[in-house]
file entry17.tsv (TSV, C-alpha atoms)
chain	number	residue	atom	x	y	z
Q	1	MET	CA	31.70	-6.47	34.05
Q	2	SER	CA	32.73	-8.96	31.39
Q	3	GLU	CA	33.40	-7.70	27.89
Q	4	HIS	CA	31.20	-8.89	25.06
Q	5	SER	CA	31.68	-8.32	21.36
Q	6	THR	CA	29.76	-9.48	18.31
Q	7	GLN	CA	30.92	-9.42	14.71
Q	8	PHE	CA	28.39	-8.48	12.01
Q	9	GLU	CA	28.84	-9.27	8.37
Q	10	ALA	CA	26.88	-7.91	5.41
Q	11	SER	CA	24.46	-10.49	4.04
Q	12	GLY	CA	24.16	-11.51	0.42
Q	13	GLY	CA	21.20	-9.16	0.05
Q	14	GLY	CA	23.28	-6.14	1.04
Q	15	LEU	CA	21.71	-5.72	4.49
Q	16	VAL	CA	23.74	-3.78	7.05
Q	17	LEU	CA	23.13	-3.04	10.71
Q	18	ALA	CA	21.34	0.34	10.72
Q	19	ASN	CA	19.52	0.76	14.04
Q	20	ALA	CA	19.18	-0.85	17.45
Q	21	ILE	CA	16.36	-0.96	19.99
Q	22	LEU	CA	17.38	-1.37	23.62
Q	23	LEU	CA	14.80	-2.62	26.11
Q	24	TYR	CA	15.01	-1.78	29.80
Q	25	ARG	CA	12.99	-3.24	32.64
Q	26	ASN	CA	12.92	-2.45	36.32
Q	27	GLN	CA	14.60	-5.23	38.26
Q	28	ALA	CA	14.15	-5.38	42.01
Q	29	PRO	CA	16.91	-6.79	44.19
Q	30	ARG	CA	16.68	-10.55	44.42
Q	31	ASN	CA	16.13	-10.48	48.17
Q	32	LEU	CA	13.12	-8.13	47.75
Q	33	LYS	CA	11.45	-9.84	44.81
Q	34	PRO	CA	8.44	-11.93	45.92
Q	35	TYR	CA	8.66	-15.59	45.06
Q	36	GLY	CA	6.93	-16.31	41.77
Q	37	ALA	CA	6.50	-12.62	40.89
Q	38	SER	CA	6.77	-11.86	37.20
Q	39	CYS	CA	9.09	-9.10	36.01
Q	40	GLU	CA	6.75	-8.46	33.07
Q	41	SER	CA	4.40	-6.43	35.26
Q	42	GLY	CA	7.06	-3.87	36.18
Q	43	PRO	CA	7.80	-0.60	34.37
Q	44	ALA	CA	9.75	-0.76	31.13
Q	45	PHE	CA	11.51	1.63	28.76
Q	46	ALA	CA	12.77	1.33	25.18
Q	47	SER	CA	15.26	3.50	23.31
Q	48	PHE	CA	15.97	3.77	19.59
Q	49	HIS	CA	19.58	4.13	18.44
Q	50	ALA	CA	21.41	4.75	15.20
Q	51	VAL	CA	24.34	2.48	14.44
Q	52	GLU	CA	27.58	4.11	13.31
Q	53	HIS	CA	30.31	2.29	11.39
Q	54	ASP	CA	34.02	3.05	11.55
Q	55	GLY	CA	36.48	2.89	8.69
Q	56	ASP	CA	36.72	-0.89	8.97
Q	57	GLY	CA	32.95	-1.30	8.97
Q	58	ARG	CA	32.70	-2.17	12.66
Q	59	PRO	CA	29.38	-0.99	14.14
Q	60	THR	CA	28.90	1.09	17.27
Q	61	ILE	CA	25.56	1.86	18.89
Q	62	ALA	CA	25.21	5.65	19.11
Q	63	ALA	CA	23.24	7.69	21.62
Q	64	GLY	CA	19.53	7.04	21.38
Q	65	VAL	CA	16.12	8.60	21.83
Q	66	PRO	CA	12.96	7.21	23.42
Q	67	LEU	CA	11.29	4.68	21.13
Q	68	SER	CA	8.23	6.19	19.47
Q	69	ARG	CA	5.24	4.83	17.58
Q	70	ALA	CA	6.69	6.41	14.45
Q	71	HIS	CA	9.79	4.24	14.82
Q	72	LEU	CA	7.63	1.14	15.22
Q	73	ARG	CA	5.48	1.98	12.20
Q	74	GLN	CA	8.56	2.65	10.08
Q	75	TRP	CA	10.15	-0.69	10.86
Q	76	THR	CA	6.89	-2.62	10.78
Q	77	GLU	CA	6.32	-1.38	7.23
Q	78	ALA	CA	9.92	-2.20	6.26
Q	79	LEU	CA	9.71	-5.70	7.72
Q	80	GLY	CA	6.30	-6.21	6.13
Q	81	ARG	CA	7.81	-5.77	2.68
Q	82	THR	CA	9.91	-8.89	3.26
Q	83	VAL	CA	6.96	-11.09	4.26
Q	84	VAL	CA	6.21	-13.82	1.75
Q	85	PRO	CA	2.77	-13.23	0.16
Q	86	GLU	CA	0.16	-15.79	1.05
Q	87	ILE	CA	-3.26	-16.71	-0.31
Q	88	LEU	CA	-5.96	-16.03	2.29
Q	89	PRO	CA	-9.10	-18.13	2.73
Q	90	ASP	CA	-12.24	-16.94	0.96
Q	91	ASN	CA	-13.93	-15.93	4.22
Q	92	ILE	CA	-11.17	-13.47	5.23
Q	93	LEU	CA	-12.19	-9.85	4.62
Q	94	VAL	CA	-9.33	-7.88	6.21
Q	95	ALA	CA	-5.90	-9.12	7.27
Q	96	HIS	CA	-3.93	-6.33	8.93
Q	97	PRO	CA	-1.46	-6.25	11.83
Q	98	ASP	CA	-4.07	-4.35	13.87
Q	99	MET	CA	-7.23	-6.06	12.60
Q	100	LEU	CA	-8.55	-9.37	11.33
Q	101	ALA	CA	-12.07	-9.51	9.89
Q	102	TRP	CA	-13.83	-12.60	8.57
Q	103	TRP	CA	-17.36	-13.85	7.95
Q	104	SER	CA	-19.20	-17.14	8.14
Q	105	PRO	CA	-22.29	-18.13	6.12
Q	106	ALA	CA	-25.63	-19.01	7.65
Q	107	GLN	CA	-25.64	-22.52	9.05
Q	108	VAL	CA	-27.07	-24.78	11.71
Q	109	ARG	CA	-24.82	-25.09	14.77
Q	110	HIS	CA	-25.21	-26.99	18.00
Q	111	ALA	CA	-25.78	-24.62	20.92
Q	112	TYR	CA	-25.44	-25.41	24.61
Q	113	PHE	CA	-28.20	-24.23	26.97
Q	114	ALA	CA	-28.47	-24.20	30.76
Q	115	LEU	CA	-30.86	-21.35	31.58
Q	116	SER	CA	-31.39	-20.78	35.29
Q	117	ALA	CA	-34.62	-18.82	34.78
Q	118	PRO	CA	-36.00	-19.52	31.30
Q	119	PRO	CA	-38.99	-17.46	30.11
Q	120	ALA	CA	-42.38	-18.99	29.52
Q	121	GLY	CA	-42.35	-21.36	26.59
Q	122	LEU	CA	-38.65	-22.19	26.99
Q	123	ARG	CA	-38.82	-24.41	30.07
Q	124	ALA	CA	-37.12	-27.16	28.11
Q	125	LEU	CA	-33.93	-25.12	28.22
Q	126	SER	CA	-33.79	-25.05	32.02
Q	127	GLY	CA	-31.83	-28.28	32.03
Q	128	ARG	CA	-28.43	-28.72	30.45
Q	129	THR	CA	-29.07	-29.56	26.84
Q	130	THR	CA	-27.57	-29.17	23.39
Q	131	LEU	CA	-29.82	-28.35	20.46
Q	132	PRO	CA	-29.28	-27.58	16.76
Q	133	VAL	CA	-29.91	-23.86	16.18
Q	134	PRO	CA	-30.03	-22.05	12.81
Q	135	TYR	CA	-27.67	-19.08	12.95
Q	136	PRO	CA	-27.59	-16.28	10.38
Q	137	ALA	CA	-24.43	-15.28	8.58
Q	138	HIS	CA	-21.98	-13.51	10.88
Q	139	LEU	CA	-19.21	-10.94	10.69
Q	140	PHE	CA	-16.31	-11.12	13.15
Q	141	ILE	CA	-13.81	-8.28	13.72
Q	142	ALA	CA	-10.83	-8.95	15.97
Q	143	THR	CA	-8.67	-5.99	17.02
Q	144	ARG	CA	-6.12	-5.42	19.74
Q	145	SER	CA	-8.89	-4.15	22.03
Q	146	GLY	CA	-11.46	-6.90	21.61
Q	147	LEU	CA	-13.73	-8.99	19.41
Q	148	GLY	CA	-16.82	-7.71	17.60
Q	149	VAL	CA	-19.59	-10.14	16.60
Q	150	TYR	CA	-22.36	-9.05	14.22
Q	151	ALA	CA	-25.15	-10.79	12.31
Q	152	LEU	CA	-25.70	-10.29	8.58
Q	153	ALA	CA	-29.06	-10.10	6.83
Q	154	ALA	CA	-27.92	-12.12	3.82
Q	155	SER	CA	-25.69	-15.18	3.67
Q	156	GLU	CA	-23.21	-13.61	1.27
Q	157	ARG	CA	-19.78	-12.04	1.47
Q	158	PRO	CA	-20.20	-8.56	3.03
Q	159	ASN	CA	-18.57	-5.37	1.81
Q	160	ALA	CA	-18.00	-1.89	3.23
Q	161	ALA	CA	-21.64	-0.91	2.63
Q	162	THR	CA	-23.21	-4.00	4.22
Q	163	PRO	CA	-25.30	-3.14	7.32
Q	164	VAL	CA	-24.71	-5.25	10.42
Q	165	LEU	CA	-27.30	-6.49	12.90
Q	166	HIS	CA	-27.36	-7.48	16.55
Q	167	SER	CA	-26.10	-11.04	16.77
Q	168	PRO	CA	-28.43	-13.62	18.35
Q	169	VAL	CA	-25.40	-15.32	19.92
Q	170	LEU	CA	-25.72	-15.29	23.70
Q	171	ASN	CA	-23.53	-12.84	25.63
Q	172	VAL	CA	-23.12	-10.48	22.67
Q	173	PHE	CA	-24.20	-6.94	23.47
Q	174	VAL	CA	-25.97	-4.44	21.24
Q	175	ASN	CA	-22.67	-2.83	20.23
Q	176	GLY	CA	-21.30	-6.17	19.04
Q	177	ARG	CA	-18.89	-6.70	21.92
Q	178	SER	CA	-18.76	-10.17	23.42
Q	179	ALA	CA	-18.94	-10.50	27.18
Q	180	GLY	CA	-15.59	-11.02	28.90
Q	181	ALA	CA	-13.61	-11.78	25.73
Q	182	THR	CA	-10.78	-9.83	24.11
Q	183	SER	CA	-8.33	-10.64	21.35
Q	184	ARG	CA	-5.52	-10.69	23.89
Q	185	GLY	CA	-7.23	-13.26	26.04
Q	186	ARG	CA	-7.42	-11.02	29.10
Q	187	LYS	CA	-10.40	-10.92	31.40
Q	188	ARG	CA	-12.34	-7.74	30.93
Q	189	SER	CA	-15.49	-6.36	32.45
Q	190	ALA	CA	-18.43	-6.77	30.11
Q	191	PRO	CA	-20.06	-3.70	28.59
Q	192	ARG	CA	-23.04	-2.47	30.57
Q	193	PRO	CA	-26.32	-2.97	28.71
Q	194	SER	CA	-27.60	0.28	30.22
Q	195	ARG	CA	-24.71	2.27	28.72
Q	196	PRO	CA	-24.03	0.79	25.28
Q	197	MET	CA	-22.20	2.51	22.50
Q	198	ARG	CA	-24.56	4.96	20.82
Q	199	ALA	CA	-26.08	2.72	18.23
Q	200	ARG	CA	-29.15	1.96	16.24
Q	201	CYS	CA	-29.21	-1.77	16.06
Q	202	SER	CA	-32.00	-4.18	15.25
Q	203	THR	CA	-32.76	-7.78	15.92
Q	204	PRO	CA	-32.09	-10.16	13.01
Q	205	GLY	CA	-34.39	-9.47	10.11
Q	206	ARG	CA	-34.25	-5.65	10.12
Q	207	ARG	CA	-31.62	-3.95	7.99
Q	208	THR	CA	-30.67	-1.18	10.37
Q	209	PRO	CA	-26.93	-0.47	10.38
Q	210	ILE	CA	-25.02	0.35	13.53
Q	211	ARG	CA	-24.03	3.98	13.69
Q	212	GLY	CA	-22.01	4.79	16.76
Q	213	ARG	CA	-18.80	5.76	18.35
Q	214	SER	CA	-16.79	4.15	21.07
call {"tool": "encode", "arguments": {"input": "entry17.tsv", "output": "structure tokens"}}
result
Amino acid sequence: MSEHSTQFEASGGGLVLANAILLYRNQAPRNLKPYGASCESGPAFASFHAVEHDGDGRPTIAAGVPLSRAHLRQWTEALGRTVVPEILPDNILVAHPDMLAWWSPAQVRHAYFALSAPPAGLRALSGRTTLPVPYPAHLFIATRSGLGVYALAASERPNAATPVLHSPVLNVFVNGRSAGATSRGRKRSAPRPSRPMRARCSTPGRRTPIRGRS
């Protein structure tokens, strides 16, 4: 095995090497790895290590422990303190590493229709057509697990006490989840309408807040 060494120098801000995270991934022998197979789908492991310095200031990675969520939170908070502050748009409600929430005012949008079995009175939507549709104000909540879409009774910036309504947007279920869409872009089975999150939700026009649990 070839030797490898790296020299670290203290920066002008007084930063020193304090910890190291080592990432391990299972690697199958080359002759057994299927062509085109991605190594990202295999098992992985991460360890967290302290860095010790000798009398000359040269660092050495010490024995480690399994990486924990507490380690990640600690360093995420530390790194977050060095992020340059930025001015967010007016429609952003929450900007957090685990959540992004924003709202849009009521407006007329063009909607695409191609209903295979339209109800009586909507036969015009059986063909592929695009029509202007008035949409109410909406609240969007993106998390690591998915995207929530909710309608608002008033076209004004919501707050923590604002009730949310069932969105009239197609493919949005009573619990606010959108069919087949997640914030990570992965395909996901849509929630079953027969087993929604316990909720009391109204159609647009009734101020009944959602009260439920996942």
call {"tool": "atom_distance", "arguments": {"input": "entry17.tsv", "atom1": "atom CA of Q:Leu165", "atom2": "atom CA of Q:Leu152"}}
result
6.0 Å
call {"tool": "residues_around", "arguments": {"input": "entry17.tsv", "residues": "Q:Pro132", "least_positions_apart": "6", "cutoff": "12 Å", "atoms": "all atoms listed in the file", "output": "list in words"}}
result
Gln107, Val108, Arg109, His110, Ala111, Tyr112 and Phe113 of chain Q
call {"tool": "atom_distance", "arguments": {"input": "entry17.tsv", "atom1": "atom CA of Q:Phe45", "atom2": "atom CA of Q:Ala95"}}
result
29.7 Å
call {"tool": "residues_near_point", "arguments": {"input": "entry17.tsv", "point": "(9.5, 0.9, 39.2)", "cutoff": "7 Å", "atoms": "all atoms listed in the file", "output": "tab-separated table (two decimals) with C-alpha atoms, in the coordinates of the input"}}
result
chain	number	residue	atom	x	y	z
Q	26	ASN	CA	12.92	-2.45	36.32
Q	42	GLY	CA	7.06	-3.87	36.18
Q	43	PRO	CA	7.80	-0.60	34.37
call {"tool": "residues_around", "arguments": {"input": "entry17.tsv", "residues": "Q:His96", "least_positions_apart": "4", "cutoff": "12 Å", "atoms": "only C-alpha atoms", "output": "ChimeraX atom specification"}}
result
/Q:76-77,80,88,92,100-102,141-144
call {"tool": "write_last_selection", "arguments": {"input": "entry17.tsv", "atoms": "C-alpha atoms", "output": "PDB file, keeping the file's coordinate frame"}}
result
ATOM      1  CA  THR Q  76       6.890  -2.620  10.780  1.00  0.00           C
ATOM      2  CA  GLU Q  77       6.320  -1.380   7.230  1.00  0.00           C
ATOM      3  CA  GLY Q  80       6.300  -6.210   6.130  1.00  0.00           C
ATOM      4  CA  LEU Q  88      -5.960 -16.030   2.290  1.00  0.00           C
ATOM      5  CA  ILE Q  92     -11.170 -13.470   5.230  1.00  0.00           C
ATOM      6  CA  LEU Q 100      -8.550  -9.370  11.330  1.00  0.00           C
ATOM      7  CA  ALA Q 101     -12.070  -9.510   9.890  1.00  0.00           C
ATOM      8  CA  TRP Q 102     -13.830 -12.600   8.570  1.00  0.00           C
ATOM      9  CA  ILE Q 141     -13.810  -8.280  13.720  1.00  0.00           C
ATOM     10  CA  ALA Q 142     -10.830  -8.950  15.970  1.00  0.00           C
ATOM     11  CA  THR Q 143      -8.670  -5.990  17.020  1.00  0.00           C
ATOM     12  CA  ARG Q 144      -6.120  -5.420  19.740  1.00  0.00           C
TER      13      ARG Q 144
END
call {"tool": "residues_around", "arguments": {"input": "entry17.tsv", "residues": "Q:Gly148", "least_positions_apart": "5", "cutoff": "10 Å", "atoms": "all atoms listed in the file", "output": "ChimeraX atom specification"}}
result
/Q:101,139-143,167,172-173,175-178,181-183
call {"tool": "closest_residue", "arguments": {"input": "entry17.tsv", "among": "Q:Glu156, Q:Asn171, Q:Leu115, Q:Pro97", "to": "Q:Leu79", "atoms": "only C-alpha atoms"}}
result
Q:Pro97
call {"tool": "residues_around", "arguments": {"input": "entry17.tsv", "residues": "Q:Pro105", "least_positions_apart": "3", "cutoff": "9 Å", "atoms": "all atoms listed in the file", "output": "ChimeraX atom specification"}}
result
/Q:91,135-138,152,154-157
call {"tool": "atom_distance", "arguments": {"input": "entry17.tsv", "atom1": "atom CA of Q:Pro85", "atom2": "atom CA of Q:Ser104"}}
result
23.7 Å
call {"tool": "residues_around", "arguments": {"input": "entry17.tsv", "residues": "Q:Pro118", "least_positions_apart": "6", "cutoff": "12 Å", "atoms": "only C-alpha atoms", "output": "MDAnalysis selection string"}}
result
chainID Q and resid 124:128
call {"tool": "closest_residue", "arguments": {"input": "entry17.tsv", "among": "Q:Gly64, Q:Pro59, Q:Gly121, Q:Pro158", "to": "Q:Asp90", "atoms": "all atoms listed in the file"}}
result
Q:Pro158
